[in-house]
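A.B. asks: What follows is the file data_7.cif, containing mmCIF, C-alpha atoms:
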data_coords
#
loop_
_atom_site.label_atom_id
_atom_site.label_comp_id
_atom_site.auth_asym_id
_atom_site.auth_seq_id
_atom_site.Cartn_x
_atom_site.Cartn_y
_atom_site.Cartn_z
CA MET R 1157 -39.75 26.91 -4.61
CA VAL R 1158 -42.96 24.83 -4.51
CA ARG R 1159 -46.23 26.37 -5.75
CA TRP R 1160 -49.11 24.95 -3.75
CA GLY R 1161 -51.83 25.75 -6.33
CA THR R 1162 -55.50 26.11 -5.42
CA ILE R 1163 -57.82 23.95 -3.37
CA GLY R 1164 -58.76 20.88 -5.35
CA ASP R 1165 -55.80 21.26 -7.73
CA GLU R 1166 -54.41 17.78 -8.31
CA GLY R 1167 -51.71 18.79 -10.79
CA PRO R 1168 -48.17 17.32 -10.64
CA GLU R 1169 -46.77 20.20 -8.57
CA ARG R 1170 -49.49 19.67 -5.97
CA ARG R 1171 -48.82 15.95 -5.83
CA CYS R 1172 -45.05 16.50 -5.44
CA ALA R 1173 -45.62 18.98 -2.62
CA VAL R 1174 -47.95 16.62 -0.79
CA ALA R 1175 -45.41 13.81 -1.17
CA ALA R 1176 -42.68 16.06 0.22
CA VAL R 1177 -44.78 16.82 3.29
CA ARG R 1178 -45.48 13.14 3.80
CA ASP R 1179 -41.75 12.34 3.49
CA GLU R 1180 -40.65 15.12 5.83
CA PRO R 1181 -40.65 12.98 9.02
CA ARG R 1182 -38.67 10.32 7.16
CA GLY R 1183 -36.23 12.97 5.94
CA ARG R 1184 -35.78 14.36 9.44
CA ARG R 1185 -35.18 10.85 10.73
CA ARG R 1186 -32.55 10.25 8.06
CA VAL R 1187 -30.77 13.50 8.96
CA GLY R 1188 -30.92 12.60 12.65
CA ARG R 1189 -29.52 9.15 11.96
CA THR R 1190 -26.69 10.72 9.98
CA ARG R 1191 -25.80 13.06 12.85
CA LEU R 1192 -25.88 10.21 15.33
CA LEU R 1193 -23.66 7.98 13.20
CA ALA R 1194 -21.14 10.78 12.65
CA GLU R 1195 -20.96 11.49 16.37
CA LEU R 1196 -20.49 7.81 17.25
CA ALA R 1197 -17.71 7.53 14.64
CA SER R 1198 -16.05 10.58 16.21
CA SER R 1199 -16.44 9.67 19.88
CA GLY R 1200 -16.08 5.89 19.69
CA THR R 1201 -18.45 5.33 22.61
CA ALA R 1202 -21.20 7.53 24.03
CA SER R 1203 -24.34 7.44 26.12
CA ARG R 1204 -27.72 8.41 24.70
CA ALA R 1205 -27.55 11.62 26.74
CA ASP R 1206 -24.09 12.39 25.25
CA LEU R 1207 -25.48 11.85 21.75
CA ALA R 1208 -28.46 14.13 22.39
CA ARG R 1209 -26.17 16.92 23.62
CA ALA R 1210 -23.67 16.53 20.78
CA THR R 1211 -26.20 16.27 17.94
CA GLY R 1212 -28.90 18.61 19.18
CA LEU R 1213 -31.48 15.85 18.74
CA ALA R 1214 -34.26 15.32 21.25
CA PRO R 1215 -33.51 12.53 23.76
CA SER R 1216 -36.61 10.67 22.59
CA THR R 1217 -35.38 10.83 18.99
CA VAL R 1218 -31.96 9.52 20.00
CA THR R 1219 -33.55 6.66 21.94
CA SER R 1220 -35.69 5.74 18.93
CA LEU R 1221 -32.79 5.92 16.47
CA VAL R 1222 -30.52 3.88 18.72
CA ALA R 1223 -33.20 1.26 19.18
CA GLY R 1224 -33.53 0.90 15.43
CA LEU R 1225 -29.78 0.63 14.92
CA MET R 1226 -29.55 -1.97 17.68
CA GLU R 1227 -32.28 -4.02 16.05
CA GLU R 1228 -30.18 -3.95 12.86
CA GLY R 1229 -27.15 -5.11 14.87
CA LEU R 1230 -25.17 -2.02 13.86
CA VAL R 1231 -25.04 -0.40 17.30
CA ILE R 1232 -24.21 -2.45 20.39
CA SER R 1233 -23.54 -1.98 24.08
CA ALA R 1234 -20.01 -0.80 24.79
CA ASP R 1235 -20.03 -2.86 27.99
CA ALA R 1236 -20.54 -6.24 26.34
CA VAL R 1237 -19.71 -7.03 22.74
CA GLY R 1238 -22.72 -8.51 21.04
CA ALA R 1239 -25.28 -7.12 23.52
CA GLY R 1240 -28.53 -6.83 21.63
CA GLY R 1241 -30.94 -5.19 24.06
CA ILE R 1242 -31.70 -1.51 24.32
CA GLY R 1243 -30.32 -1.40 27.85
CA ARG R 1244 -30.38 1.31 30.48
CA PRO R 1245 -30.64 4.93 29.30
CA GLY R 1246 -27.16 5.78 30.67
CA GLN R 1247 -25.51 2.77 29.10
CA LEU R 1248 -22.59 3.45 26.76
CA ILE R 1249 -23.07 2.33 23.18
CA ARG R 1250 -20.86 2.08 20.13
CA LEU R 1251 -20.94 1.17 16.48
CA GLY R 1252 -20.66 -2.60 16.12
CA ARG R 1253 -18.32 -4.60 13.96
CA GLY R 1254 -20.93 -4.87 11.21
CA ALA R 1255 -20.89 -1.11 10.73
CA GLY R 1256 -17.58 -1.23 8.88
CA ALA R 1257 -13.88 -0.68 9.54
CA VAL R 1258 -10.93 1.59 8.75
CA LEU R 1259 -7.31 1.04 7.78
CA GLY R 1260 -4.22 3.01 8.85
CA VAL R 1261 -0.71 2.66 7.41
CA ASP R 1262 2.56 4.20 8.63
CA LEU R 1263 5.38 3.80 6.11
CA GLY R 1264 8.81 5.03 7.19
CA ARG R 1265 12.38 4.78 6.03
CA HIS R 1266 13.02 1.62 8.04
CA HIS R 1267 9.58 0.42 9.12
CA LEU R 1268 6.05 -0.40 8.03
CA LYS R 1269 3.04 -0.53 10.36
CA VAL R 1270 -0.54 -1.43 9.44
CA ALA R 1271 -3.64 -1.35 11.67
CA VAL R 1272 -7.26 -2.30 11.04
CA ALA R 1273 -9.79 -0.79 13.45
CA ASP R 1274 -13.55 -0.84 13.83
CA LEU R 1275 -15.65 2.33 14.09
CA SER R 1276 -15.57 2.26 17.89
CA HIS R 1277 -11.80 2.95 17.69
CA THR R 1278 -10.82 -0.61 18.64
CA VAL R 1279 -7.79 -2.02 16.81
CA LEU R 1280 -8.80 -5.40 15.39
CA ALA R 1281 -5.44 -6.39 13.89
CA ARG R 1282 -2.02 -4.91 13.24
CA ARG R 1283 1.13 -5.80 11.37
CA GLU R 1284 4.63 -4.42 11.76
CA ALA R 1285 7.81 -5.06 9.78
CA SER R 1286 11.29 -3.68 9.40
CA LYS R 1287 12.26 -2.63 5.90
CA VAL R 1288 15.39 -1.68 4.06
CA THR R 1289 15.57 1.65 2.29
CA THR R 1290 14.84 1.21 -1.39
CA GLN R 1291 15.13 3.47 -4.39
CA ASP R 1292 11.89 2.04 -5.73
CA ALA R 1293 8.44 3.15 -4.61
CA ALA R 1294 6.96 0.11 -6.36
CA ALA R 1295 8.77 -2.22 -3.94
CA ASP R 1296 7.39 -0.29 -0.96
CA LEU R 1297 3.88 -0.42 -2.43
CA ALA R 1298 4.10 -4.18 -2.92
CA MET R 1299 5.21 -4.59 0.70
CA VAL R 1300 2.32 -2.42 1.91
CA LYS R 1301 -0.18 -4.40 -0.16
CA GLU R 1302 1.10 -7.70 1.26
CA HIS R 1303 0.83 -6.57 4.88
CA VAL R 1304 -2.54 -4.89 4.37
CA ASP R 1305 -3.96 -8.12 2.94
CA VAL R 1306 -2.67 -10.12 5.92
CA ALA R 1307 -3.95 -7.57 8.46
CA LEU R 1308 -7.41 -7.58 6.86
CA ALA R 1309 -7.49 -11.37 6.95
CA ASP R 1310 -6.39 -11.36 10.61
CA ALA R 1311 -9.17 -8.89 11.45
CA GLY R 1312 -11.79 -10.78 9.43
CA VAL R 1313 -12.48 -7.63 7.42
CA SER R 1314 -13.00 -7.49 3.67
CA ALA R 1315 -11.71 -4.61 1.58
CA GLN R 1316 -15.33 -3.74 0.72
CA GLU R 1317 -16.03 -3.04 4.42
CA LEU R 1318 -13.33 -0.37 4.67
CA LEU R 1319 -14.94 3.05 4.98
CA GLY R 1320 -11.70 5.00 5.39
CA VAL R 1321 -8.04 4.41 4.51
CA ALA R 1322 -5.14 6.70 5.48
CA VAL R 1323 -1.38 6.45 4.92
CA GLY R 1324 1.44 8.41 6.55
CA LEU R 1325 4.73 9.13 4.76
CA PRO R 1326 7.88 10.89 6.07
CA GLY R 1327 7.92 14.00 3.95
CA PRO R 1328 5.76 16.89 2.77
CA VAL R 1329 2.71 15.65 0.85
CA HIS R 1330 1.61 18.49 -1.43
CA SER R 1331 -2.03 19.25 -2.15
CA SER R 1332 -1.53 17.45 -5.48
CA GLY R 1333 -0.79 14.24 -3.55
CA GLU R 1334 2.84 14.33 -4.70
CA LEU R 1335 5.67 13.77 -2.22
CA GLY R 1336 8.10 16.68 -1.96
CA ASP R 1337 11.83 16.47 -2.63
CA SER R 1338 12.70 16.83 1.06
CA THR R 1339 11.30 13.40 1.86
CA ILE R 1340 13.65 10.85 3.41
CA LEU R 1341 12.27 8.17 1.09
CA PRO R 1342 14.52 8.63 -1.96
CA GLY R 1343 12.45 6.39 -4.21
CA TRP R 1344 9.31 8.47 -3.64
CA VAL R 1345 10.48 11.92 -4.76
CA GLY R 1346 8.02 13.24 -7.33
CA VAL R 1347 5.69 10.24 -6.98
CA ARG R 1348 1.98 11.07 -6.83
CA ALA R 1349 1.60 9.11 -3.64
CA THR R 1350 -2.20 9.21 -3.36
CA GLU R 1351 -2.68 7.79 -6.84
CA ALA R 1352 0.05 5.19 -6.29
CA PHE R 1353 -1.54 3.85 -3.09
CA GLU R 1354 -5.02 3.87 -4.57
CA GLU R 1355 -3.83 1.86 -7.55
CA ALA R 1356 -1.87 -0.60 -5.38
CA LEU R 1357 -4.66 -1.18 -2.85
CA GLY R 1358 -7.70 -0.73 -5.07
CA LEU R 1359 -9.16 1.61 -2.45
CA ARG R 1360 -9.74 5.31 -1.93
CA VAL R 1361 -6.79 6.55 0.12
CA GLU R 1362 -5.80 9.77 1.87
CA VAL R 1363 -2.05 10.31 2.21
CA ASP R 1364 -0.53 12.74 4.70
CA ASN R 1365 2.76 13.65 6.29
CA ASP R 1366 3.61 11.29 9.15
CA ALA R 1367 4.22 14.11 11.65
CA ASN R 1368 0.75 15.46 10.89
CA LEU R 1369 -0.63 12.03 11.67
CA GLY R 1370 1.42 11.87 14.86
CA ALA R 1371 -0.21 15.13 15.90
CA LEU R 1372 -3.66 13.68 15.12
CA GLY R 1373 -2.98 10.51 17.09
CA GLU R 1374 -1.60 12.31 20.13
CA SER R 1375 -4.40 14.88 19.98
CA ARG R 1376 -7.08 12.18 19.88
CA TRP R 1377 -5.73 9.52 22.27
CA GLY R 1378 -2.32 10.56 23.57
CA ALA R 1379 -0.45 13.26 25.44
CA GLY R 1380 -2.22 16.09 23.62
CA ALA R 1381 -5.80 14.97 24.25
CA SER R 1382 -6.49 17.67 26.86
CA VAL R 1383 -5.28 20.73 24.87
CA ARG R 1384 -6.40 22.50 21.70
CA ASP R 1385 -3.05 23.96 20.64
CA LEU R 1386 -0.07 21.66 20.33
CA VAL R 1387 3.04 20.84 18.34
CA TYR R 1388 3.96 17.22 17.74
CA LEU R 1389 7.64 16.58 16.97
CA LYS R 1390 8.71 13.38 15.27
CA VAL R 1391 12.45 13.01 15.81
CA SER R 1392 13.84 10.02 13.93
CA THR R 1393 15.80 9.91 10.69
CA GLY R 1394 14.64 13.49 10.17
CA VAL R 1395 12.78 16.05 12.28
CA GLY R 1396 9.19 16.93 11.41
CA ALA R 1397 6.35 18.72 13.15
CA GLY R 1398 2.59 18.36 13.10
CA LEU R 1399 0.58 21.40 14.21
CA VAL R 1400 -2.82 21.44 15.92
CA VAL R 1401 -4.28 24.95 16.16
CA ASP R 1402 -7.54 25.53 18.03
CA GLY R 1403 -8.28 21.82 17.95
CA ARG R 1404 -7.74 21.38 14.21
CA LEU R 1405 -4.78 20.03 12.29
CA TYR R 1406 -3.05 22.87 10.44
CA ARG R 1407 -1.47 21.87 7.12
CA GLY R 1408 -0.85 25.23 5.43
CA ALA R 1409 -1.68 26.52 1.96
CA GLY R 1410 0.05 23.69 0.13
CA ARG R 1411 -0.23 21.11 2.95
CA THR R 1412 3.49 21.37 3.77
CA ALA R 1413 3.38 23.20 7.12
CA GLY R 1414 5.57 21.89 9.93
CA GLU R 1415 8.87 21.24 8.14
CA ILE R 1416 10.83 22.32 11.23
CA GLY R 1417 13.73 20.04 10.28
CA HIS R 1418 14.64 22.52 7.55
CA THR R 1419 14.80 25.52 9.84
CA VAL R 1420 18.21 27.09 9.19
CA LEU R 1421 20.27 27.29 12.39
CA ASP R 1422 23.56 28.23 10.73
CA PRO R 1423 23.64 29.72 7.19
CA GLY R 1424 27.26 28.62 6.92
CA GLY R 1425 26.64 25.10 8.17
CA PRO R 1426 26.74 21.79 6.28
CA VAL R 1427 24.65 21.35 3.14
CA CYS R 1428 21.32 19.66 3.79
CA ARG R 1429 19.54 17.29 1.38
CA CYS R 1430 16.99 20.10 0.79
CA GLY R 1431 19.79 22.25 -0.68
CA ASN R 1432 20.09 24.77 2.14
CA ARG R 1433 22.95 25.02 4.64
CA GLY R 1434 22.79 24.51 8.37
CA CYS R 1435 19.29 23.01 8.65
CA LEU R 1436 18.19 21.55 11.99
CA GLU R 1437 18.35 18.02 10.58
CA MET R 1438 22.08 18.48 9.98
CA TYR R 1439 22.48 18.72 13.77
CA ALA R 1440 19.63 16.58 15.14
CA GLY R 1441 18.82 14.04 12.42
CA SER R 1442 19.99 10.45 12.73
CA GLY R 1443 22.83 10.97 10.24
CA ALA R 1444 24.34 13.77 12.31
CA ILE R 1445 23.99 11.85 15.58
CA LEU R 1446 25.58 8.67 14.22
CA ALA R 1447 28.38 10.63 12.55
CA ALA R 1448 29.23 12.30 15.87
CA LEU R 1449 29.69 8.86 17.46
CA GLN R 1450 31.55 7.19 14.62
CA ALA R 1451 35.04 7.54 16.09
CA THR R 1452 34.20 6.42 19.64
CA HIS R 1453 31.22 4.10 19.04
CA PRO R 1454 31.89 2.34 15.73
CA ASP R 1455 29.53 -0.49 16.66
CA VAL R 1456 26.54 1.84 17.09
CA ASN R 1457 24.85 1.95 13.70
CA ASP R 1458 21.27 3.03 14.31
CA LEU R 1459 19.36 5.58 16.35
CA ALA R 1460 17.60 3.01 18.55
CA ALA R 1461 21.01 1.77 19.75
CA VAL R 1462 22.05 5.33 20.59
CA VAL R 1463 18.89 5.80 22.66
CA ALA R 1464 19.35 2.47 24.45
CA ARG R 1465 22.94 3.31 25.41
CA ALA R 1466 22.01 6.84 26.46
CA LEU R 1467 19.34 5.45 28.80
CA ASP R 1468 21.93 3.01 30.16
CA GLY R 1469 24.19 5.94 31.06
CA ASP R 1470 26.75 5.92 28.23
CA PRO R 1471 28.26 9.45 28.44
CA GLY R 1472 28.99 9.82 24.72
CA CYS R 1473 25.49 8.78 23.68
CA ARG R 1474 23.95 10.98 26.34
CA ARG R 1475 25.99 13.92 25.07
CA VAL R 1476 24.95 13.61 21.41
CA VAL R 1477 21.30 13.14 22.39
CA ALA R 1478 21.46 16.23 24.61
CA ASP R 1479 23.14 18.22 21.83
CA ALA R 1480 20.31 17.21 19.49
CA GLY R 1481 17.79 18.29 22.13
CA ARG R 1482 19.36 21.74 22.38
CA ALA R 1483 19.38 22.17 18.61
CA ILE R 1484 15.73 21.12 18.35
CA GLY R 1485 14.82 23.42 21.24
CA SER R 1486 16.40 26.39 19.47
CA ALA R 1487 14.20 25.86 16.41
CA LEU R 1488 11.20 25.03 18.58
CA ALA R 1489 11.55 28.31 20.50
CA ALA R 1490 10.79 30.29 17.35
CA MET R 1491 7.76 28.10 16.70
CA CYS R 1492 6.54 28.69 20.26
CA ASN R 1493 6.86 32.45 19.78
CA ILE R 1494 4.75 32.24 16.62
CA LEU R 1495 2.13 29.62 17.56
CA ASN R 1496 2.08 29.83 21.37
CA PRO R 1497 1.18 26.15 21.87
CA ALA R 1498 0.10 24.78 25.22
CA ARG R 1499 2.03 21.56 24.73
CA VAL R 1500 4.85 20.11 22.66
CA VAL R 1501 4.65 16.34 22.35
CA VAL R 1502 7.88 14.62 21.33
CA GLY R 1503 7.84 11.25 19.58
CA GLY R 1504 9.87 9.29 17.07
CA THR R 1505 12.85 7.02 17.74
CA LEU R 1506 14.89 9.73 19.47
CA GLY R 1507 11.87 10.77 21.53
CA ALA R 1508 12.19 7.47 23.40
CA ALA R 1509 15.28 8.93 25.12
CA GLY R 1510 12.93 10.83 27.43
CA ASP R 1511 14.44 13.52 29.63
CA VAL R 1512 17.94 12.90 28.25
CA LEU R 1513 16.56 14.62 25.14
CA LEU R 1514 13.75 16.69 26.63
CA ASP R 1515 15.57 18.50 29.45
CA PRO R 1516 18.09 20.22 27.10
CA MET R 1517 15.20 20.89 24.70
CA ARG R 1518 13.19 22.56 27.48
CA ASP R 1519 16.21 24.68 28.46
CA ALA R 1520 16.64 25.87 24.86
CA VAL R 1521 12.94 26.69 24.53
CA ARG R 1522 13.07 28.77 27.71
CA ALA R 1523 16.21 30.54 26.51
CA GLY R 1524 14.89 31.29 23.02
CA SER R 1525 11.20 32.04 23.61
CA ILE R 1526 9.58 35.14 24.97
CA ARG R 1527 8.77 34.67 28.65
CA SER R 1528 5.01 34.29 28.25
CA ALA R 1529 5.32 31.67 25.49
CA ALA R 1530 7.87 29.72 27.54
CA LEU R 1531 5.58 29.77 30.58
CA ASP R 1532 2.57 28.63 28.53
CA VAL R 1533 4.17 25.56 26.98
CA GLU R 1534 5.11 22.18 28.43
CA VAL R 1535 7.34 19.70 26.60
CA VAL R 1536 6.31 16.08 27.17
CA PRO R 1537 6.98 12.64 25.68
CA ALA R 1538 4.49 11.04 23.31
CA GLY R 1539 1.68 9.24 25.08
CA LEU R 1540 1.30 6.64 22.34
CA GLY R 1541 5.00 5.80 22.18
CA SER R 1542 6.12 4.57 18.79
CA ASP R 1543 2.51 4.23 17.57
CA SER R 1544 1.67 7.95 17.38
CA GLU R 1545 1.82 8.03 13.58
CA LEU R 1546 0.02 4.71 13.09
CA MET R 1547 -2.85 5.72 15.38
CA GLY R 1548 -2.92 9.09 13.67
CA ALA R 1549 -3.52 7.28 10.39
CA VAL R 1550 -6.41 5.43 12.06
CA ALA R 1551 -7.73 8.78 13.35
CA LEU R 1552 -7.58 10.31 9.86
CA ALA R 1553 -9.42 7.30 8.42
CA LEU R 1554 -12.10 7.64 11.11
CA ALA R 1555 -12.40 11.35 10.28
CA GLN R 1556 -13.12 10.33 6.67
CA VAL R 1557 -15.96 8.13 7.92
CA GLU R 1558 -17.36 10.91 10.10
CA ALA R 1559 -17.27 13.35 7.19
CA GLY R 1560 -18.79 10.74 4.89
CA PHE R 1561 -21.72 10.18 7.25
CA LYS R 1562 -22.34 13.94 7.38
CA ARG R 1563 -22.33 14.16 3.56
CA GLY R 1564 -24.46 11.06 3.17
CA ALA R 1565 -21.63 9.51 1.15
CA VAL R 1566 -21.22 6.47 3.42
CA ARG R 1567 -23.66 3.80 4.46
CA LEU R 1568 -22.94 1.53 7.40
CA GLY R 1569 -20.89 -1.43 6.36
CA GLN R 1570 -20.12 -0.30 2.83
CA LEU R 1571 -19.01 2.51 0.57
CA THR R 1572 -21.58 4.19 -1.64
#
What does this structure look like when you write it as structure tokens?
C.D. replies:
Amino acid sequence: MVRWGTIGDEGPERRCAVAAVRDEPRGRRRVGRTRLLAELASSGTASRADLARATGLAPSTVTSLVAGLMEEGLVISADAVGAGGIGRPGQLIRLGRGAGAVLGVDLGRHHLKVAVADLSHTVLARREASKVTTQDAAADLAMVKEHVDVALADAGVSAQELLGVAVGLPGPVHSSGELGDSTILPGWVGVRATEAFEEALGLRVEVDNDANLGALGESRWGAGASVRDLVYLKVSTGVGAGLVVDGRLYRGAGRTAGEIGHTVLDPGGPVCRCGNRGCLEMYAGSGAILAALQATHPDVNDLAAVVARALDGDPGCRRVVADAGRAIGSALAAMCNILNPARVVVGGTLGAAGDVLLDPMRDAVRAGSIRSAALDVEVVPAGLGSDSELMGAVALALAQVEAGFKRGAVRLGQLT
């Protein structure tokens, strides 16, 4: 609390108070600038009127702040890259390339994807590679580092310009940053993934479950963009779910929510890698699907080939995909009864089978859900295709930037 003193008092407290009053407009301007930057990082592009509504700032204040940022070259017209004028009041604007960039990484059992994006949500460069399963997290980290370096060079972005970095992994990532023992990456069990990536990349990194990131990506730019309650299913080597509840990603107390692949369908069923019997993954994971085809389709050795043949009309491949859809739908029905989502978005390698997978899944959801929950939900394919998790990593990195602007922990173009 400031004591104002008496008239004519020129003591230190009086001088500090006077200085605070003089700095108040500057402080308000700094707060307004922070709100504006956070909103632009969130929305990607916006008009001045959009920014005024979203931030609660006066339109004249927004116009003044935008003008200053344009003069600095940090905000540009969204209609023409490099536009330097203030433009028409209704013109869309965005954060320019000089404002900084983000990095997203999706590391799976058999793939690696890397994307560099600017703060207007535009992907500047991406890299993708197939990988063999290793028992060594260090080998995966070296591969990630190599592809990140190339992607940054392709984008013309330095590591110092990265304001957010996010990585997705196929398994539960505990609040400690450690990967759980139900991950499908055998070399990563017990590894403190956050620390490992930060050491390998020399950057601050947020690591999350890949299905969570798929939910973020689809919620931001894909098939879930119009709803606030959704379940994203990644159906590939395993089966995982990302949950968006009332517009926010739900991770649970220990950040391991959504492990639908370990829902027990048959207590007397085959032993799962998690130690339980009869888990969903034992009926709908890639291992179960390929095993079911081994006798009749010995040349089919990966899930993508199963999907391709199913879409071409192969009856055996269509049958095992449909069986997987029914098993997933049975587990999903219970989730619909509990969460009552408006939409289920299905991605992953098996998700590319479309209605061959989704129609039996929809039937099982209707059969196993209460009537109201079944009527409320629609089951649809991923809008981002195979990039749901990668774009979710970009979305999480952008969310870091938005939060950093709000905390004052990020300046445009560099980390503080």
A.B. asks: Counting only C-alpha atoms, which of R:Ala1498, R:Val1218, R:Ala1523, R:Ala1381 gets nearest to Ala1205 of chain R?
C.D. replies: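 Among the listed residues, the smallest separation from Ala1205 of chain R belongs to R:Val1218.
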A.B. asks: Neighbours of Arg1499 of chain R within 8 Å (only C-alpha atoms; same-chain residues fewer than 5 positions away dropped), as a list in words?
C.D. replies: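 The neighbour list is Gly1380, Val1383, Asp1385, Leu1386, Val1387, Val1533, Glu1534, Val1535 and Val1536 of chain R.
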A.B. asks: Just want the 12 Å neighbourhood of segment 1443-1459 of chain R, counted on only C-alpha atoms, with same-chain residues fewer than 5 positions away dropped. Output as a short mmCIF file (atom, residue, chain, number, x, y, z; two decimals) with C-alpha atoms, in the coordinates of the input.
C.D. replies:
data_model
loop_
_atom_site.label_atom_id
_atom_site.label_comp_id
_atom_site.auth_asym_id
_atom_site.auth_seq_id
_atom_site.Cartn_x
_atom_site.Cartn_y
_atom_site.Cartn_z
CA HIS R 1266 13.02 1.62 8.04
CA ILE R 1340 13.65 10.85 3.41
CA VAL R 1391 12.45 13.01 15.81
CA SER R 1392 13.84 10.02 13.93
CA THR R 1393 15.80 9.91 10.69
CA GLY R 1394 14.64 13.49 10.17
CA VAL R 1395 12.78 16.05 12.28
CA PRO R 1426 26.74 21.79 6.28
CA VAL R 1427 24.65 21.35 3.14
CA CYS R 1428 21.32 19.66 3.79
CA ARG R 1429 19.54 17.29 1.38
CA GLY R 1434 22.79 24.51 8.37
CA CYS R 1435 19.29 23.01 8.65
CA LEU R 1436 18.19 21.55 11.99
CA GLU R 1437 18.35 18.02 10.58
CA MET R 1438 22.08 18.48 9.98
CA ALA R 1464 19.35 2.47 24.45
CA ARG R 1465 22.94 3.31 25.41
CA ALA R 1466 22.01 6.84 26.46
CA ASP R 1470 26.75 5.92 28.23
CA PRO R 1471 28.26 9.45 28.44
CA GLY R 1472 28.99 9.82 24.72
CA CYS R 1473 25.49 8.78 23.68
CA ARG R 1474 23.95 10.98 26.34
CA ARG R 1475 25.99 13.92 25.07
CA VAL R 1476 24.95 13.61 21.41
CA VAL R 1477 21.30 13.14 22.39
CA ALA R 1478 21.46 16.23 24.61
CA ASP R 1479 23.14 18.22 21.83
CA ALA R 1480 20.31 17.21 19.49
CA GLY R 1481 17.79 18.29 22.13
CA ALA R 1483 19.38 22.17 18.61
CA GLY R 1504 9.87 9.29 17.07
CA THR R 1505 12.85 7.02 17.74
CA LEU R 1506 14.89 9.73 19.47
CA GLY R 1507 11.87 10.77 21.53
CA ALA R 1508 12.19 7.47 23.40
CA ALA R 1509 15.28 8.93 25.12
#
A.B. asks: Go through R:Gly1503, R:Gly1424, R:Gly1256, R:Gly1264 one by one, measure the shortest atom-to-atom distance of each to Ala1315 of chain R using all atoms listed in the file, and give the residue with the smallest value.
C.D. replies: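 Counting all atoms listed in the file, the residue closest to Ala1315 of chain R is R:Gly1256.
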A.B. asks: Could you list, as a PyMOL selection string, every residue matched by the PyMOL selection byres ((chain R and resi 1253) around 12) in this structure?
C.D. replies: chain R and resi 1228-1234+1237-1238+1250-1252+1254-1258+1272-1280+1311-1314+1317-1318+1568-1569
A.B. asks: Considering all atoms listed in the file, state which residue in the set R:Leu1488, R:Val1463, R:Leu1359, R:Ala1223 is at the smallest distance from His1418 of chain R.
C.D. replies: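 Closest residue, counting all atoms listed in the file: R:Leu1488.
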A.B. asks: Let me make sure I understand: among R:Leu1467, R:Ala1487, R:Leu1268, R:Leu1248, which one has the smallest atom-to-atom distance to Ser1203 of chain R if we use all atoms listed in the file?
C.D. replies: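 Distance minimum relative to Ser1203 of chain R lands on R:Leu1248.
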A.B. asks: Could you work out how far atom CA of Arg1282 of chain R lies from atom CA of Ala1307 of chain R, giving the answer in Å with one decimal?
C.D. replies: 5.8 Å
A.B. asks: Select, from R:Met1491, R:Ala1322, R:Ala1352, R:Val1557, the residue with the minimum atom-to-atom distance to Glu1545 of chain R, counting only C-alpha atoms.
C.D. replies: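 Closest candidate: R:Ala1322.
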A.B. asks: On this file, the PyMOL selection byres ((chain R and resi 1362) around 10) gives some set of residues; write that set as a VMD selection string.
C.D. replies: chain R and resid 1260 1320 to 1324 1333 1349 to 1351 1353 to 1354 1359 to 1361 1363 to 1364 1549 1552 to 1553 1556
A.B. asks: Separation of atom CA of Gly1346 of chain R and atom CA of Glu1334 of chain R, in Å?
C.D. replies: 5.9 Å
